[in-house]
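Next comes model13.txt, with compact mmCIF, C-alpha atoms and all ligand atoms.
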# COMPACT_ATOMS: atom_id res chain seq x y z
CA MET I 1430 -7.64 10.04 8.84
CA ARG I 1431 -4.36 11.83 9.48
CA VAL I 1432 -3.28 13.89 6.45
CA VAL I 1433 0.36 14.97 6.18
CA ILE I 1434 1.25 17.38 3.37
CA THR I 1435 4.94 17.65 2.54
CA ASP I 1436 6.76 19.79 -0.01
CA THR I 1437 8.21 17.15 -2.31
CA SER I 1438 8.05 13.45 -3.14
CA ALA I 1439 11.42 13.06 -1.37
CA HIS I 1440 9.79 14.35 1.83
CA VAL I 1441 6.92 11.90 1.36
CA ALA I 1442 9.42 9.04 1.21
CA GLN I 1443 11.35 10.24 4.29
CA PHE I 1444 8.22 10.74 6.35
CA ALA I 1445 6.68 7.39 5.40
CA ALA I 1446 9.95 5.52 5.99
CA GLY I 1447 10.16 7.12 9.44
CA ILE I 1448 6.69 5.82 10.32
CA ILE I 1449 7.53 2.30 9.11
CA ALA I 1450 10.89 2.26 10.92
CA ASP I 1451 9.13 3.39 14.15
CA GLU I 1452 6.54 0.65 13.69
CA ILE I 1453 9.25 -2.00 13.35
CA ALA I 1454 11.11 -0.62 16.38
CA GLN I 1455 7.96 -0.45 18.53
CA ARG I 1456 6.95 -4.02 17.75
CA ARG I 1457 10.51 -5.12 18.53
CA ALA I 1458 10.30 -3.31 21.88
CA GLU I 1459 7.21 -5.44 22.55
CA GLY I 1460 9.30 -8.53 21.86
CA ARG I 1461 8.05 -9.44 18.41
CA ALA I 1462 8.76 -8.72 14.76
CA ALA I 1463 6.42 -6.49 12.75
CA VAL I 1464 4.14 -7.78 10.03
CA LEU I 1465 4.06 -5.33 7.12
CA GLY I 1466 1.73 -5.06 4.15
CA VAL I 1467 3.65 -3.89 1.09
CA ALA I 1468 2.63 -2.32 -2.20
CA THR I 1469 4.20 -2.34 -5.65
CA GLY I 1470 4.06 0.49 -8.24
CA SER I 1471 6.04 3.71 -8.30
CA SER I 1472 4.57 5.42 -5.24
CA PRO I 1473 6.40 3.49 -2.48
CA LEU I 1474 9.78 3.19 -4.24
CA GLY I 1475 11.29 6.23 -2.50
CA THR I 1476 10.03 4.94 0.84
CA TYR I 1477 11.68 1.56 0.23
CA ALA I 1478 14.92 3.31 -0.74
CA GLU I 1479 14.86 5.33 2.51
CA LEU I 1480 14.25 2.16 4.53
CA ALA I 1481 17.03 0.36 2.67
CA ALA I 1482 19.42 3.17 3.62
CA LEU I 1483 18.44 2.80 7.30
CA VAL I 1484 19.06 -0.96 7.09
CA GLU I 1485 22.38 -0.39 5.35
CA SER I 1486 23.54 2.09 8.00
CA GLY I 1487 22.53 -0.28 10.82
CA GLU I 1488 19.84 2.12 12.15
CA LEU I 1489 17.03 -0.31 11.30
CA ASP I 1490 16.98 -4.00 12.17
CA THR I 1491 14.47 -5.95 10.06
CA THR I 1492 15.29 -9.37 11.50
CA GLY I 1493 12.15 -11.49 11.65
CA VAL I 1494 9.96 -8.88 9.93
CA SER I 1495 7.44 -10.44 7.57
CA ALA I 1496 5.62 -8.90 4.65
CA PHE I 1497 2.46 -9.55 2.66
CA ALA I 1498 2.10 -7.98 -0.78
CA LEU I 1499 -1.20 -6.48 -1.80
CA ASP I 1500 -1.64 -8.06 -5.17
CA GLU I 1501 -0.32 -10.01 -8.15
CA TYR I 1502 -1.23 -10.36 -11.80
CA VAL I 1503 -2.96 -13.59 -12.84
CA GLY I 1504 -1.16 -15.86 -15.28
CA ILE I 1505 2.20 -14.10 -15.30
CA ALA I 1506 5.34 -16.25 -14.82
CA LEU I 1507 6.90 -15.77 -11.36
CA ASP I 1508 10.24 -14.84 -12.94
CA HIS I 1509 8.68 -12.30 -15.36
CA PRO I 1510 10.39 -8.97 -14.59
CA GLU I 1511 6.98 -7.35 -13.93
CA SER I 1512 5.44 -10.11 -11.84
CA TYR I 1513 4.87 -8.71 -8.37
CA HIS I 1514 6.86 -11.68 -7.04
CA THR I 1515 9.87 -10.28 -8.91
CA VAL I 1516 9.10 -6.62 -8.14
CA ILE I 1517 8.66 -7.26 -4.40
CA ASP I 1518 11.87 -9.30 -4.35
CA THR I 1519 13.95 -6.56 -6.00
CA THR I 1520 12.37 -3.49 -4.35
CA VAL I 1521 11.51 -4.82 -0.88
CA THR I 1522 12.91 -8.23 0.12
CA LYS I 1523 16.50 -7.73 -0.93
CA PRO I 1524 16.98 -4.00 -0.13
CA LEU I 1525 15.31 -4.33 3.28
CA ALA I 1526 17.22 -7.56 4.03
CA LEU I 1527 14.01 -9.50 4.71
CA ASP I 1528 14.00 -13.27 4.96
CA PRO I 1529 12.41 -14.41 1.64
CA ALA I 1530 10.59 -17.16 3.55
CA ARG I 1531 8.73 -14.42 5.43
CA VAL I 1532 7.68 -12.47 2.32
CA HIS I 1533 4.36 -13.47 0.81
CA VAL I 1534 2.85 -12.51 -2.54
CA PRO I 1535 -0.58 -13.71 -3.69
CA ASP I 1536 -0.46 -16.67 -6.07
CA GLY I 1537 -1.65 -15.65 -9.52
CA LEU I 1538 -0.76 -19.02 -11.04
CA ALA I 1539 -2.76 -21.34 -8.77
CA ASP I 1540 -5.04 -23.89 -10.44
CA ASP I 1541 -7.66 -22.97 -7.87
CA LEU I 1542 -7.34 -19.22 -7.49
CA ALA I 1543 -10.28 -18.90 -5.09
CA ALA I 1544 -8.70 -21.43 -2.71
CA ALA I 1545 -5.30 -19.71 -3.00
CA CYS I 1546 -6.91 -16.35 -2.15
CA GLU I 1547 -8.62 -17.83 0.90
CA ALA I 1548 -5.31 -19.38 1.99
CA TYR I 1549 -3.65 -15.94 1.61
CA ASP I 1550 -6.13 -14.29 3.95
CA ARG I 1551 -5.67 -17.16 6.42
CA ALA I 1552 -1.88 -16.76 6.28
CA ILE I 1553 -2.27 -13.07 7.22
CA VAL I 1554 -4.42 -14.01 10.20
CA ASP I 1555 -2.01 -16.80 11.19
CA ALA I 1556 0.86 -14.29 11.14
CA GLY I 1557 -1.04 -12.23 13.71
CA GLY I 1558 -2.52 -9.73 11.24
CA ILE I 1559 -0.85 -6.85 9.45
CA ASP I 1560 0.58 -4.20 11.76
CA LEU I 1561 1.10 -1.61 9.06
CA GLN I 1562 -0.20 -1.72 5.49
CA LEU I 1563 1.63 0.52 3.01
CA LEU I 1564 -0.52 1.65 0.07
CA GLY I 1565 -0.43 3.69 -3.11
CA ILE I 1566 -3.56 4.97 -4.86
CA GLY I 1567 -4.57 4.63 -8.50
CA ALA I 1568 -5.78 7.68 -10.44
CA ASN I 1569 -9.15 5.86 -10.53
CA GLY I 1570 -9.17 5.68 -6.71
CA HIS I 1571 -8.17 2.03 -6.36
CA ILE I 1572 -6.10 0.67 -3.48
CA GLY I 1573 -4.52 -2.71 -4.05
CA PHE I 1574 -6.31 -3.69 -7.23
CA ASN I 1575 -9.71 -2.98 -5.73
CA GLU I 1576 -11.15 -1.23 -8.73
CA PRO I 1577 -14.19 1.09 -8.57
CA THR I 1578 -17.30 -0.65 -7.19
CA SER I 1579 -15.26 -3.18 -5.20
CA SER I 1580 -17.17 -4.38 -2.17
CA LEU I 1581 -16.18 -2.52 0.97
CA SER I 1582 -15.91 -5.79 2.88
CA SER I 1583 -14.16 -7.78 0.12
CA ARG I 1584 -11.43 -10.29 0.93
CA THR I 1585 -8.48 -11.43 -1.21
CA ARG I 1586 -9.93 -12.50 -4.55
CA ILE I 1587 -9.59 -12.45 -8.33
CA LYS I 1588 -10.53 -9.18 -10.07
CA THR I 1589 -10.70 -7.85 -13.61
CA LEU I 1590 -8.41 -4.84 -14.00
CA ASP I 1591 -10.00 -1.54 -15.04
CA PRO I 1592 -8.79 -0.66 -18.58
CA ARG I 1593 -7.45 2.60 -17.04
CA THR I 1594 -5.26 0.57 -14.68
CA ARG I 1595 -3.94 -1.56 -17.54
CA GLU I 1596 -3.15 1.64 -19.44
CA ALA I 1597 -1.43 3.19 -16.40
CA ASN I 1598 0.68 0.04 -15.90
CA ALA I 1599 1.54 -0.35 -19.61
CA ARG I 1600 4.67 1.72 -18.87
CA PHE I 1601 6.15 -1.34 -17.16
CA PHE I 1602 5.50 -3.68 -20.11
CA ALA I 1603 6.69 -3.79 -23.73
CA SER I 1604 3.15 -3.03 -24.91
CA ALA I 1605 -0.25 -2.27 -23.36
CA ASP I 1606 -1.58 -5.63 -24.63
CA GLU I 1607 0.91 -7.47 -22.45
CA VAL I 1608 -0.59 -6.11 -19.22
CA PRO I 1609 -2.63 -8.97 -17.75
CA VAL I 1610 -6.41 -8.50 -17.64
CA HIS I 1611 -6.85 -10.21 -14.27
CA CYS I 1612 -5.24 -9.97 -10.89
CA VAL I 1613 -5.60 -11.26 -7.37
CA THR I 1614 -5.73 -8.60 -4.70
CA GLN I 1615 -6.25 -8.22 -1.00
CA GLY I 1616 -9.80 -7.00 -0.53
CA LEU I 1617 -10.90 -3.71 0.97
CA GLY I 1618 -12.01 -5.69 4.03
CA THR I 1619 -8.56 -7.30 4.25
CA ILE I 1620 -6.91 -3.86 4.07
CA LEU I 1621 -9.30 -2.45 6.69
CA ASP I 1622 -8.27 -5.27 9.05
CA SER I 1623 -4.69 -3.92 9.18
CA ARG I 1624 -3.92 -2.19 12.46
CA ARG I 1625 -2.46 0.82 10.68
CA ALA I 1626 -2.67 1.98 7.05
CA LEU I 1627 -0.13 4.31 5.48
CA LEU I 1628 -0.91 5.65 2.00
CA VAL I 1629 1.63 7.64 -0.01
CA ALA I 1630 0.74 9.69 -3.09
CA GLN I 1631 2.76 12.03 -5.23
CA GLY I 1632 1.98 14.16 -8.27
CA ALA I 1633 -0.97 16.04 -9.74
CA GLY I 1634 -2.24 12.91 -11.49
CA LYS I 1635 -3.36 11.59 -8.10
CA ALA I 1636 -4.94 14.85 -6.85
CA ASP I 1637 -8.58 14.05 -7.77
CA ALA I 1638 -8.46 10.53 -6.32
CA VAL I 1639 -6.75 11.82 -3.16
CA ALA I 1640 -9.39 14.54 -2.66
CA HIS I 1641 -12.20 12.02 -3.07
CA MET I 1642 -10.52 9.53 -0.74
CA ILE I 1643 -10.10 12.07 2.06
CA GLU I 1644 -12.96 14.52 1.64
CA GLY I 1645 -15.44 12.87 -0.68
CA PRO I 1646 -18.27 10.63 0.34
CA LEU I 1647 -17.52 7.02 1.25
CA ALA I 1648 -18.42 5.63 -2.14
CA ALA I 1649 -17.78 2.58 -4.31
CA ILE I 1650 -16.66 4.83 -7.17
CA CYS I 1651 -13.53 5.62 -5.11
CA PRO I 1652 -12.45 2.43 -3.31
CA ALA I 1653 -9.76 4.33 -1.35
CA SER I 1654 -12.57 6.23 0.42
CA ALA I 1655 -12.98 2.97 2.40
CA LEU I 1656 -9.97 4.20 4.39
CA GLN I 1657 -12.38 6.66 6.05
CA LEU I 1658 -13.51 3.55 7.96
CA HIS I 1659 -9.97 2.59 8.99
CA ARG I 1660 -9.15 2.94 12.67
CA ASP I 1661 -5.68 4.40 12.07
CA ALA I 1662 -4.99 5.67 8.55
CA ILE I 1663 -2.23 8.10 7.64
CA VAL I 1664 -2.00 9.70 4.20
CA VAL I 1665 1.31 11.32 3.22
CA LEU I 1666 1.19 13.62 0.20
CA ASP I 1667 3.37 16.00 -1.75
CA ARG I 1668 1.89 19.41 -2.61
CA ALA I 1669 0.83 18.34 -6.11
CA ALA I 1670 -1.12 15.33 -4.84
CA ALA I 1671 -2.70 17.56 -2.16
CA SER I 1672 -3.60 20.33 -4.64
CA LYS I 1673 -7.34 19.48 -4.88
CA LEU I 1674 -7.94 19.23 -1.12
CA GLU I 1675 -10.43 21.81 0.12
CA LEU I 1676 -9.17 21.67 3.69
CA ALA I 1677 -5.40 21.56 3.08
CA ASP I 1678 -4.80 24.49 5.48
CA TYR I 1679 -6.77 22.68 8.17
CA TYR I 1680 -4.64 19.52 7.83
CA GLU I 1681 -1.47 21.59 8.14
CA TYR I 1682 -2.91 23.35 11.20
CA ILE I 1683 -3.66 19.96 12.80
CA GLU I 1684 -0.12 18.73 12.09
CA ALA I 1685 1.31 21.90 13.68
CA ASN I 1686 -0.93 21.41 16.74
CA GLN I 1687 -0.68 17.70 17.46
CA PRO I 1688 -1.99 16.72 20.88
CA THR I 1689 0.85 15.83 23.26
CA GLN I 1690 -1.10 12.92 24.74
CA ALA I 1691 -2.86 10.16 22.85
CA GLY I 1692 -6.60 10.50 22.88
C1 LIG N 1701 0.29 -1.85 -6.13
C2 LIG N 1701 -1.10 -1.49 -5.98
C3 LIG N 1701 -1.72 -0.32 -6.64
C4 LIG N 1701 -0.80 0.88 -6.80
C5 LIG N 1701 -1.50 1.99 -7.57
C6 LIG N 1701 -0.62 3.19 -7.78
O1 LIG N 1701 0.58 -3.03 -5.38
O2 LIG N 1701 -1.76 -2.19 -5.30
O3 LIG N 1701 -2.86 0.07 -5.92
O4 LIG N 1701 -0.42 1.34 -5.53
O5 LIG N 1701 -1.90 1.49 -8.82
O6 LIG N 1701 0.42 2.84 -8.65
P1 LIG N 1701 1.67 3.79 -8.81
O7 LIG N 1701 2.29 3.88 -7.47
O8 LIG N 1701 2.55 3.10 -9.80
O9 LIG N 1701 1.13 5.10 -9.28
Write-out of the structure in structure tokens:
Amino acid sequence: MRVVITDTSAHVAQFAAGIIADEIAQRRAEGRAAVLGVATGSSPLGTYAELAALVESGELDTTGVSAFALDEYVGIALDHPESYHTVIDTTVTKPLALDPARVHVPDGLADDLAAACEAYDRAIVDAGGIDLQLLGIGANGHIGFNEPTSSLSSRTRIKTLDPRTREANARFFASADEVPVHCVTQGLGTILDSRRALLVAQGAGKADAVAHMIEGPLAAICPASALQLHRDAIVVLDRAAASKLELADYYEYIEANQPTQAG
């Protein structure tokens, strides 16, 4: 796992946006459009804003790029301001000038949720797989809505939200009771299938989860520790989110001494 420690949340956003813009450009150089995995929540908002500025200035061409969101609440109207359909549309699709037909969000309203989840995983495979999956991390160590004790090989499925997650997300709703109890989320196995994973975390509230994810044992209590199994995971942190890392100096040393050749 590559660990990048930056000074501020603004640096996190700039660094992460640079990686995503390079990914899109590299896939375009190969003659195809990138397939992105996108997250909701506060953590990636700065990254999306940086990408939107690159699109606006003409430095980034997102033509043909497709996106798959990580998760959605169950039973929330699509046009609810906090449905992830709405949030992805306003924070990703429109600012990054993506074709809405190429942006996918799990269906939390399907009569047969299990079938809809299976169809979602199939759609990812049919799109050629996710080139780069952007992630945030919950204070309880979740990625997507894979709450503690999620199976390491899980696929997209319905989950019950941890009460701590509902409390954390109450800030987006009029009251804590309005936060749905269930969600559909890409599984840890689905996330591990992405060719590259990019996790951004800011603030001291994430420091314990970040330390466990990077340095702790691979353990169901911290679902993000599954990223230790990912073939190409990059974690971009501000100093507060990195504050509980034992080997912070080592990660900075590695960044300052990157090999000049791959390998
Ligand atoms: C969002 C998601 C979640 C969030 C996490 C952190 O699609 O899947 O894992 O990334 O809950 O949320 P924020 O960024 O709001 O702290």
List the spatial neighbours of Pro1535 (chain I) as a PDB file with C-alpha atoms, keeping the file's coordinate frame - criterion: any atom at most 12 Å away, only C-alpha atoms, same-chain residues fewer than 4 positions off excluded.
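What ended up in result_25.pdb:
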ATOM      1  CA  GLY I1466       1.730  -5.060   4.150  1.00  0.00           C
ATOM      2  CA  VAL I1467       3.650  -3.890   1.090  1.00  0.00           C
ATOM      3  CA  ALA I1468       2.630  -2.320  -2.200  1.00  0.00           C
ATOM      4  CA  ALA I1496       5.620  -8.900   4.650  1.00  0.00           C
ATOM      5  CA  PHE I1497       2.460  -9.550   2.660  1.00  0.00           C
ATOM      6  CA  ALA I1498       2.100  -7.980  -0.780  1.00  0.00           C
ATOM      7  CA  LEU I1499      -1.200  -6.480  -1.800  1.00  0.00           C
ATOM      8  CA  ASP I1500      -1.640  -8.060  -5.170  1.00  0.00           C
ATOM      9  CA  GLU I1501      -0.320 -10.010  -8.150  1.00  0.00           C
ATOM     10  CA  TYR I1502      -1.230 -10.360 -11.800  1.00  0.00           C
ATOM     11  CA  VAL I1503      -2.960 -13.590 -12.840  1.00  0.00           C
ATOM     12  CA  GLY I1504      -1.160 -15.860 -15.280  1.00  0.00           C
ATOM     13  CA  ILE I1505       2.200 -14.100 -15.300  1.00  0.00           C
ATOM     14  CA  LEU I1507       6.900 -15.770 -11.360  1.00  0.00           C
ATOM     15  CA  SER I1512       5.440 -10.110 -11.840  1.00  0.00           C
ATOM     16  CA  TYR I1513       4.870  -8.710  -8.370  1.00  0.00           C
ATOM     17  CA  HIS I1514       6.860 -11.680  -7.040  1.00  0.00           C
ATOM     18  CA  ILE I1517       8.660  -7.260  -4.400  1.00  0.00           C
ATOM     19  CA  ALA I1539      -2.760 -21.340  -8.770  1.00  0.00           C
ATOM     20  CA  LEU I1542      -7.340 -19.220  -7.490  1.00  0.00           C
ATOM     21  CA  ALA I1543     -10.280 -18.900  -5.090  1.00  0.00           C
ATOM     22  CA  ALA I1544      -8.700 -21.430  -2.710  1.00  0.00           C
ATOM     23  CA  ALA I1545      -5.300 -19.710  -3.000  1.00  0.00           C
ATOM     24  CA  CYS I1546      -6.910 -16.350  -2.150  1.00  0.00           C
ATOM     25  CA  GLU I1547      -8.620 -17.830   0.900  1.00  0.00           C
ATOM     26  CA  ALA I1548      -5.310 -19.380   1.990  1.00  0.00           C
ATOM     27  CA  TYR I1549      -3.650 -15.940   1.610  1.00  0.00           C
ATOM     28  CA  ASP I1550      -6.130 -14.290   3.950  1.00  0.00           C
ATOM     29  CA  ARG I1551      -5.670 -17.160   6.420  1.00  0.00           C
ATOM     30  CA  ALA I1552      -1.880 -16.760   6.280  1.00  0.00           C
ATOM     31  CA  ILE I1553      -2.270 -13.070   7.220  1.00  0.00           C
ATOM     32  CA  GLY I1573      -4.520  -2.710  -4.050  1.00  0.00           C
ATOM     33  CA  THR I1585      -8.480 -11.430  -1.210  1.00  0.00           C
ATOM     34  CA  ARG I1586      -9.930 -12.500  -4.550  1.00  0.00           C
ATOM     35  CA  ILE I1587      -9.590 -12.450  -8.330  1.00  0.00           C
ATOM     36  CA  CYS I1612      -5.240  -9.970 -10.890  1.00  0.00           C
ATOM     37  CA  VAL I1613      -5.600 -11.260  -7.370  1.00  0.00           C
ATOM     38  CA  THR I1614      -5.730  -8.600  -4.700  1.00  0.00           C
ATOM     39  CA  GLN I1615      -6.250  -8.220  -1.000  1.00  0.00           C
ATOM     40  CA  GLY I1616      -9.800  -7.000  -0.530  1.00  0.00           C
TER      41      GLY I1616
END
* Asked: Between I:Thr1492, I:Thr1689, I:Ser1672, I:Thr1476, which one has atoms that come closest to ligand LIG 1701 (chain N), using all atoms listed in the file?
  ->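 Of I:Thr1492, I:Thr1689, I:Ser1672, I:Thr1476, the one nearest ligand LIG 1701 (chain N) is I:Thr1476, counting all atoms listed in the file.
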* Asked: Using all atoms listed in the file, which residue out of I:Gly1447, I:Gly1537, I:Gly1618, I:Gly1570 lies closest to ligand LIG 1701 (chain N)?
  ->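 Answer, going by the shortest atom-to-atom distance: I:Gly1570.
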* Asked: Of the candidates I:Asp1591, I:Asp1678, I:Asp1508, I:Asp1622, which shows the shortest atom-to-atom distance to ligand LIG 1701 (chain N), using all atoms listed in the file?
  ->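 Answer, going by the shortest atom-to-atom distance: I:Asp1591.
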* Between CA of Ala1649 (chain I) and CA of Leu1581 (chain I), what is the distance, to one decimal in Å? ->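 Interatomic distance here is 7.5 Å.
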* **Non-local contacts of region 1600-1605 of chain I (10 Å; only C-alpha atoms; under 5 positions in same chain excluded) as a PyMOL selection string** => chain I and resi 1470+1510-1511+1592+1595
* **Shell around Arg1668 (chain I) at 9 Å using all atoms listed in the file, local window under 5 positions removed, as a list in words** =>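 Listing them by chain and then by number gives Ile1434, Thr1435, Asp1436, Thr1437, Ser1438, Gln1631, Gly1632 and Ala1633 of chain I.
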* **Atom-to-atom span, CA of Met1642 (chain I) and CA of Ala1450 (chain I), Å** =>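 For CA of Met1642 (chain I) relative to CA of Ala1450 (chain I), the distance reads 25.4 Å.
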* Find the residues around Ile1620 (chain I) up to 10 Å (all atoms listed in the file counted), leave out those fewer than 3 positions away in its own chain, and share them as a list in words. =>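 Contacts, with the query itself left out: Gly1466, Leu1499, Ile1559, Leu1561, Gln1562, Leu1563, Leu1564, Ile1572, Gly1573, Leu1581, Ser1582, Ser1583, Arg1584, Thr1585, Gln1615, Gly1616, Leu1617, Ser1623, Arg1624, Arg1625, Ala1626, Ala1655, Leu1656 and His1659 of chain I.
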* To do: Just the residues within 9 Å of Ala1481 (chain I), please, counting all atoms listed in the file, with nothing from its chain fewer than 2 positions along; format it as a PyMOL selection string.
  => chain I and resi 1476-1479+1483-1486+1489+1521+1523-1526
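Each of I:Asp1490, I:Asp1540, I:Glu1675, I:Glu1576 was checked against ligand LIG 1701 (chain N) using only C-alpha atoms and all ligand atoms; the smallest atom-to-atom distance is that of I:Glu1576.
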* Of the listed residues I:Arg1531, I:Pro1688, I:Ala1671, I:Asp1560, that which approaches Ala1638 (chain I) most closely, counting only C-alpha atoms -> I:Ala1671
